[in-house]
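Peer 1: My structure is below; once you've seen it, I'll send some questions.
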Amino acid sequence: MNAELTAQSQAARPSMRTFLIICISQAVSILGSGMTSFALGVYIFTVTRQATPFAITVLFASLPRVLLAPLAGAVADRFDRRKVMILADSGDALSSLVIALLAFSGNLQIWMIYAAVFVSALCNSFQSPAYSASVIMLVPKEQLGRANGLIQLSQSLEMLVSPVLAGILFPLIGLSGVILVNIVTFSVAVGTLFFVRIPMPERTQVTAPGFASILKDAAYGWNYLSARPGLFGMLWYFALVNFLLGISTVILSPMVLSTGSAATLGALQTAGGVGMLVGSVIISAWGGPKNRILGVLTFIGVGSLGLAVMGFSPNPWITGAGLLLFMTVIPMASTSSQGIFQTRVPRDVQGRVFAIRGMISQSIMPLAFIAAGPLADRIAEPLMQPGGALAVTSLGAWLGTGAGRGMGLIYVTAGALLLIVTLLVAGIPHIRNVEKDLPDVTEPAA
């Protein structure tokens with residue numbers, strides 16, 4: 001078995017062609033999924049007129065990735081990653097088809113949407129590590145930065161294109177029609193995978209059959225990372241970044257709408273999408289810095305300044321400038337981080353390691369979603385209202401007082417915290433020297 005995998009790996013030389021085919025088909029599927037998410041959001045609000053169902057939807061969408069990451073990573077390393085992606089995408093499409101049929105028949109209920117979102121997230125939990133671990137098998141080392149940038153580019157296009165298309169189509173064909181379009185995009189992704197080949201890496205360790213052995217493999221990703229302080233420390237740093245990002249994402253809409261209109265909010269969200277698109281294009285063309293960890297820390301440090309600027313003033317131009325800066329550097333930091341893990345983690349265990357990586361880095365995001373509302377409504381906003389405890393201080397004079405200024409304070413505080421933590425992380429030798437301390441697994445053995 002190992003000899004067969006070795007022969008396959010040697011026979012398939014990495015090239016960008018197969019990766020581009022898969023990346024484009026996955027980008028089409030991502031656009032369809034984004035349209036469905038937008039349409040479901042409109043449907044839920046139309047039916048309930050409440051914000052709580054959105055929070056429940058986000059919870060169901062995030063739980064599978066955190067809870068099932070170790071198992072999904074073990075599956076991605078044990079089995080044919082192409083087949084794992086096919087099964088995961090097919091399961092996601094089937095879930096969407098059920099919702100489309102229920103909506104078309106008029107029998108769709110909100111709890112059914114929760115169930116469908118959970119199933120979709122469940123399938124994505126297995127698809128994501130399989131896809132991420134396949135990149136190193138398809139792309140030459142010198143093209144990794146561009147390949148990761150193209151993946152970020154597809155996510156940027158989702159932010160820009162999916163809401164526009166869904167907004168046009170939803171009034172014309174309804175929820176079921178939009179979901180059927182998504183099923184077509186799933187068909188593109190799955191159909192493409194049937195006609196391409198993703199080589200499996202040579203296994204560096206023997207794996208025994210049986211479910212108990214799979215569970216043992218599931219723990220491997222955690223053990224691998226915890227034994228490497230540089231990589232492990234990076235992940236907890238990313239967890240804090242994502243926590244602050246989660247809070248900022250939740251309070252953006254209420255902060256803007258407290259003094260502006262829905263049109264202003266839409267324009268700002270477009271600015272964020274443009275920033276992510278620009279950053280993705282730049283990193284795709286550039287490939288990223290040679291010293292990737294320095295790039296990660298620099299990009300996030302610059303992003304922290306953008307996060308703080310977003311809260312300086314209720315002026316939407318200032319908020320938009322900060323958002324544009326922040327979203328521009330996010331894909332650059334993400335691409336550089338991905339390159340570190342792809343070149344420092346052996347190919348045959350990347351599924352398990354990448355799954356744990358995602359689990360740790362996103363582990364406290366649900367807490368951010370839960371904490372953001374009370375933090376803004378019960379603490380920050382009262383402090384910055386006229387007569388509030390901070391309104392009469394220099395902070396009140398600097399940031400202003402009134403509606404939305406408490407949330408502005410949260411943005412400024414989050415930006416300052418992120419910058420301080422980034423500078424502290426840069427001083428930790430294990431993280432700063434992670435690329436020097438760990439061997440490059442894409443280089444031939446000495």
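Residue names in the structure tokens use chain letters A, B, ... in the order shown, residue numbers from 1 in each chain, and ligand numbers from 1 in the order shown.
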Give me every alpha helix (DSSP H) residue in range 47-255 of chain A, going by DSSP on the backbone, as a PyMOL selection string.

Peer 2: chain A and resi 47-48+52-78+81-105+110-138+144-194+211-226+229-255

Peer 1: Could the residues of range 114-225 of chain A that have an atom at most 12 Å from range 323-335 of chain A be listed as CSV, each with its closest atom pair and the distance in Å to one decimal, counting only C-alpha atoms and ordered by chain and ascending residue number?

Peer 2:
```
residue,atom,partner,partner_atom,distance
A:Ser132,CA,A:Thr335,CA,11.9
A:Gln143,CA,A:Thr335,CA,11.7
A:Leu144,CA,A:Thr335,CA,8.8
A:Gly145,CA,A:Thr335,CA,6.4
A:Arg146,CA,A:Thr335,CA,8.5
A:Ala147,CA,A:Thr335,CA,8.8
A:Asn148,CA,A:Thr335,CA,5.4
A:Gly149,CA,A:Thr335,CA,5.9
A:Leu150,CA,A:Thr335,CA,9.3
A:Ile151,CA,A:Thr335,CA,8.8
A:Gln152,CA,A:Pro331,CA,5.9
A:Leu153,CA,A:Pro331,CA,8.2
A:Ser154,CA,A:Pro331,CA,10.9
A:Gln155,CA,A:Pro331,CA,9.4
A:Ser156,CA,A:Pro331,CA,8.8
A:Met159,CA,A:Met327,CA,11.3
```

Peer 1: With C-alpha atoms retained, could you export that selection as a PDB file, in the first residue's frame?

Peer 2:
```pdb
ATOM      1  CA  SER A 132      -6.637  22.420   2.562  1.00  0.00           C
ATOM      2  CA  GLN A 143       3.570  28.775  -6.045  1.00  0.00           C
ATOM      3  CA  LEU A 144       2.018  28.147  -2.614  1.00  0.00           C
ATOM      4  CA  GLY A 145       1.620  31.836  -1.833  1.00  0.00           C
ATOM      5  CA  ARG A 146      -0.227  32.477  -5.086  1.00  0.00           C
ATOM      6  CA  ALA A 147      -2.389  29.391  -4.659  1.00  0.00           C
ATOM      7  CA  ASN A 148      -3.434  30.389  -1.132  1.00  0.00           C
ATOM      8  CA  GLY A 149      -4.066  33.908  -2.377  1.00  0.00           C
ATOM      9  CA  LEU A 150      -6.420  32.546  -5.053  1.00  0.00           C
ATOM     10  CA  ILE A 151      -8.376  30.665  -2.396  1.00  0.00           C
ATOM     11  CA  GLN A 152      -8.687  33.921  -0.445  1.00  0.00           C
ATOM     12  CA  LEU A 153      -9.755  35.627  -3.681  1.00  0.00           C
ATOM     13  CA  SER A 154     -12.687  33.238  -4.087  1.00  0.00           C
ATOM     14  CA  GLN A 155     -13.829  34.076  -0.558  1.00  0.00           C
ATOM     15  CA  SER A 156     -13.536  37.781  -1.336  1.00  0.00           C
ATOM     16  CA  MET A 159     -18.510  38.758  -0.048  1.00  0.00           C
TER      17      MET A 159
END
```

Peer 1: Taking only C-alpha atoms into account, produce a table as JSON lines in which each residue of range 261-343 of chain A with an atom at most 7 Å from an atom of range 410-426 of chain A appears once, together with its shortest atom pair and the distance in Å to one decimal, ordered by chain and rising number.

Peer 2:
```
{"residue": "A:Leu297", "atom": "CA", "partner": "A:Thr422", "partner_atom": "CA", "distance": 6.3}
{"residue": "A:Gly301", "atom": "CA", "partner": "A:Leu419", "partner_atom": "CA", "distance": 5.4}
{"residue": "A:Ser304", "atom": "CA", "partner": "A:Gly415", "partner_atom": "CA", "distance": 4.5}
{"residue": "A:Leu305", "atom": "CA", "partner": "A:Gly415", "partner_atom": "CA", "distance": 6.0}
{"residue": "A:Leu307", "atom": "CA", "partner": "A:Gly415", "partner_atom": "CA", "distance": 4.9}
{"residue": "A:Ala308", "atom": "CA", "partner": "A:Val412", "partner_atom": "CA", "distance": 4.0}
{"residue": "A:Val309", "atom": "CA", "partner": "A:Val412", "partner_atom": "CA", "distance": 6.9}
{"residue": "A:Met310", "atom": "CA", "partner": "A:Tyr411", "partner_atom": "CA", "distance": 6.4}
{"residue": "A:Gly311", "atom": "CA", "partner": "A:Tyr411", "partner_atom": "CA", "distance": 5.0}
{"residue": "A:Phe312", "atom": "CA", "partner": "A:Val412", "partner_atom": "CA", "distance": 6.9}
```

Peer 1: Hey, what's within 12 Å of Ser90 in chain A if we count only C-alpha atoms and toss same-chain stuff fewer than 5 positions away? As a list in words, please?

Peer 2: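 Near Ser90 in chain A, the qualifying residues are Ser29, Lys83, Val84, Met85, Ser95, Ser96, Leu97, Val119, Ser120, Cys123, Asn124, Phe126, Gln127, Asn182, Ile183, Val184, Thr185, Phe186, Ser187, Val188, Ala189, Val190, Gly191 and Leu193 of chain A.
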
Peer 1: With C-alpha atoms retained, write the just-selected residues as a PDB file, in the first residue's frame.

Peer 2:
```
ATOM      1  CA  SER A  29     -19.723  26.545  -5.280  1.00  0.00           C
ATOM      2  CA  LYS A  83     -13.577  11.302  -2.502  1.00  0.00           C
ATOM      3  CA  VAL A  84     -13.976  12.964   0.878  1.00  0.00           C
ATOM      4  CA  MET A  85     -14.597  16.285  -0.886  1.00  0.00           C
ATOM      5  CA  SER A  95     -29.382  19.128   2.452  1.00  0.00           C
ATOM      6  CA  SER A  96     -29.964  22.219   0.303  1.00  0.00           C
ATOM      7  CA  LEU A  97     -32.290  20.271  -2.006  1.00  0.00           C
ATOM      8  CA  VAL A 119     -25.843  19.408   8.250  1.00  0.00           C
ATOM      9  CA  SER A 120     -24.178  21.858   5.865  1.00  0.00           C
ATOM     10  CA  CYS A 123     -20.263  18.408   5.624  1.00  0.00           C
ATOM     11  CA  ASN A 124     -18.011  21.452   5.445  1.00  0.00           C
ATOM     12  CA  PHE A 126     -14.953  17.241   6.479  1.00  0.00           C
ATOM     13  CA  GLN A 127     -14.551  19.078   3.170  1.00  0.00           C
ATOM     14  CA  ASN A 182     -26.765  26.758  -5.319  1.00  0.00           C
ATOM     15  CA  ILE A 183     -27.349  23.074  -6.089  1.00  0.00           C
ATOM     16  CA  VAL A 184     -26.214  23.733  -9.655  1.00  0.00           C
ATOM     17  CA  THR A 185     -23.006  25.295  -8.333  1.00  0.00           C
ATOM     18  CA  PHE A 186     -22.491  22.245  -6.109  1.00  0.00           C
ATOM     19  CA  SER A 187     -22.854  20.107  -9.235  1.00  0.00           C
ATOM     20  CA  VAL A 188     -20.043  22.075 -10.874  1.00  0.00           C
ATOM     21  CA  ALA A 189     -17.751  21.445  -7.897  1.00  0.00           C
ATOM     22  CA  VAL A 190     -18.599  17.757  -7.566  1.00  0.00           C
ATOM     23  CA  GLY A 191     -18.533  17.117 -11.315  1.00  0.00           C
ATOM     24  CA  LEU A 193     -13.719  16.466  -8.842  1.00  0.00           C
TER      25      LEU A 193
END
```

Peer 1: Give me the residues near Leu160 in chain A as number ranges by chain, where near means some atom within 10 Å (using only C-alpha atoms) and where sequence neighbours in that chain fewer than 4 positions away do not count.

Peer 2: A: 31, 34, 155-156, 164-165, 269-274, 276-277

Peer 1: Take the selection from the previous step and output its residues with N, CA and C atoms, as an mmCIF file, in the first residue's frame.

Peer 2:
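Okay, this is what ended up in again-v2.cif:
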```cif
data_model
loop_
_atom_site.group_PDB
_atom_site.id
_atom_site.type_symbol
_atom_site.label_atom_id
_atom_site.label_comp_id
_atom_site.auth_asym_id
_atom_site.auth_seq_id
_atom_site.Cartn_x
_atom_site.Cartn_y
_atom_site.Cartn_z
ATOM 1 N N LEU A 31 -19.733 30.768 -4.227
ATOM 2 C CA LEU A 31 -20.676 31.833 -4.611
ATOM 3 C C LEU A 31 -22.120 31.372 -4.398
ATOM 4 N N GLY A 34 -22.895 31.291 -0.711
ATOM 5 C CA GLY A 34 -23.096 32.644 -0.214
ATOM 6 C C GLY A 34 -24.468 33.191 -0.558
ATOM 7 N N GLN A 155 -13.042 33.670 -1.711
ATOM 8 C CA GLN A 155 -13.829 34.076 -0.558
ATOM 9 C C GLN A 155 -14.180 35.563 -0.619
ATOM 10 N N SER A 156 -13.264 36.353 -1.177
ATOM 11 C CA SER A 156 -13.536 37.781 -1.336
ATOM 12 C C SER A 156 -14.665 38.008 -2.333
ATOM 13 N N VAL A 164 -25.199 40.484 -3.949
ATOM 14 C CA VAL A 164 -25.799 41.206 -5.071
ATOM 15 C C VAL A 164 -26.666 40.277 -5.904
ATOM 16 N N LEU A 165 -26.107 39.107 -6.260
ATOM 17 C CA LEU A 165 -26.867 38.151 -7.066
ATOM 18 C C LEU A 165 -28.103 37.654 -6.322
ATOM 19 N N GLN A 269 -20.045 47.763 3.946
ATOM 20 C CA GLN A 269 -19.808 46.338 3.718
ATOM 21 C C GLN A 269 -19.173 46.096 2.353
ATOM 22 N N THR A 270 -19.576 46.886 1.389
ATOM 23 C CA THR A 270 -18.946 46.794 0.068
ATOM 24 C C THR A 270 -17.482 47.196 0.147
ATOM 25 N N ALA A 271 -17.191 48.243 0.927
ATOM 26 C CA ALA A 271 -15.802 48.669 1.098
ATOM 27 C C ALA A 271 -14.972 47.556 1.714
ATOM 28 N N GLY A 272 -15.550 46.839 2.701
ATOM 29 C CA GLY A 272 -14.844 45.707 3.295
ATOM 30 C C GLY A 272 -14.590 44.608 2.284
ATOM 31 N N GLY A 273 -15.586 44.328 1.447
ATOM 32 C CA GLY A 273 -15.408 43.328 0.407
ATOM 33 C C GLY A 273 -14.359 43.731 -0.612
ATOM 34 N N VAL A 274 -14.345 45.016 -0.967
ATOM 35 C CA VAL A 274 -13.334 45.520 -1.904
ATOM 36 C C VAL A 274 -11.942 45.381 -1.299
ATOM 37 N N MET A 276 -10.903 43.201 0.934
ATOM 38 C CA MET A 276 -10.500 41.793 0.918
ATOM 39 C C MET A 276 -10.131 41.347 -0.493
ATOM 40 N N LEU A 277 -10.870 41.840 -1.482
ATOM 41 C CA LEU A 277 -10.562 41.507 -2.871
ATOM 42 C C LEU A 277 -9.204 42.059 -3.273
#
```

Peer 1: Given the choices A:Thr249, A:Ser162, A:Ser176, A:Ser336, which gets closest to Phe369 in chain A if the distance is worked out from only C-alpha atoms?

Peer 2: A:Thr249

Peer 1: Given the choices A:Ala93, A:Ile356, A:Ile300, A:Leu40, which gets closest to Phe232 in chain A if the distance is worked out from only C-alpha atoms?

Peer 2: A:Ile356

Peer 1: Work out how far apart CA of Leu68 in chain A and CA of Ser125 in chain A are and give it in Å to one decimal.

Peer 2: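 Taking CA of Leu68 in chain A and CA of Ser125 in chain A, their separation equals 6.9 Å.
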
Peer 1: Env of Ile198 in chain A: 7 Å cut, atoms = only C-alpha atoms, seq-sep filter 3 positions within chain, self excluded. Answer as a PyMOL selection string.

Peer 2: chain A and resi 82+134+138

Peer 1: Print the selection's residues with C-alpha atoms to a file, as a PDB file, in the first residue's frame.

Peer 2:
```pdb
ATOM      1  CA  ARG A  82     -10.869  13.789  -3.500  1.00  0.00           C
ATOM      2  CA  SER A 134      -4.714  18.767  -0.972  1.00  0.00           C
ATOM      3  CA  LEU A 138      -1.130  19.964  -6.273  1.00  0.00           C
TER       4      LEU A 138
END
```
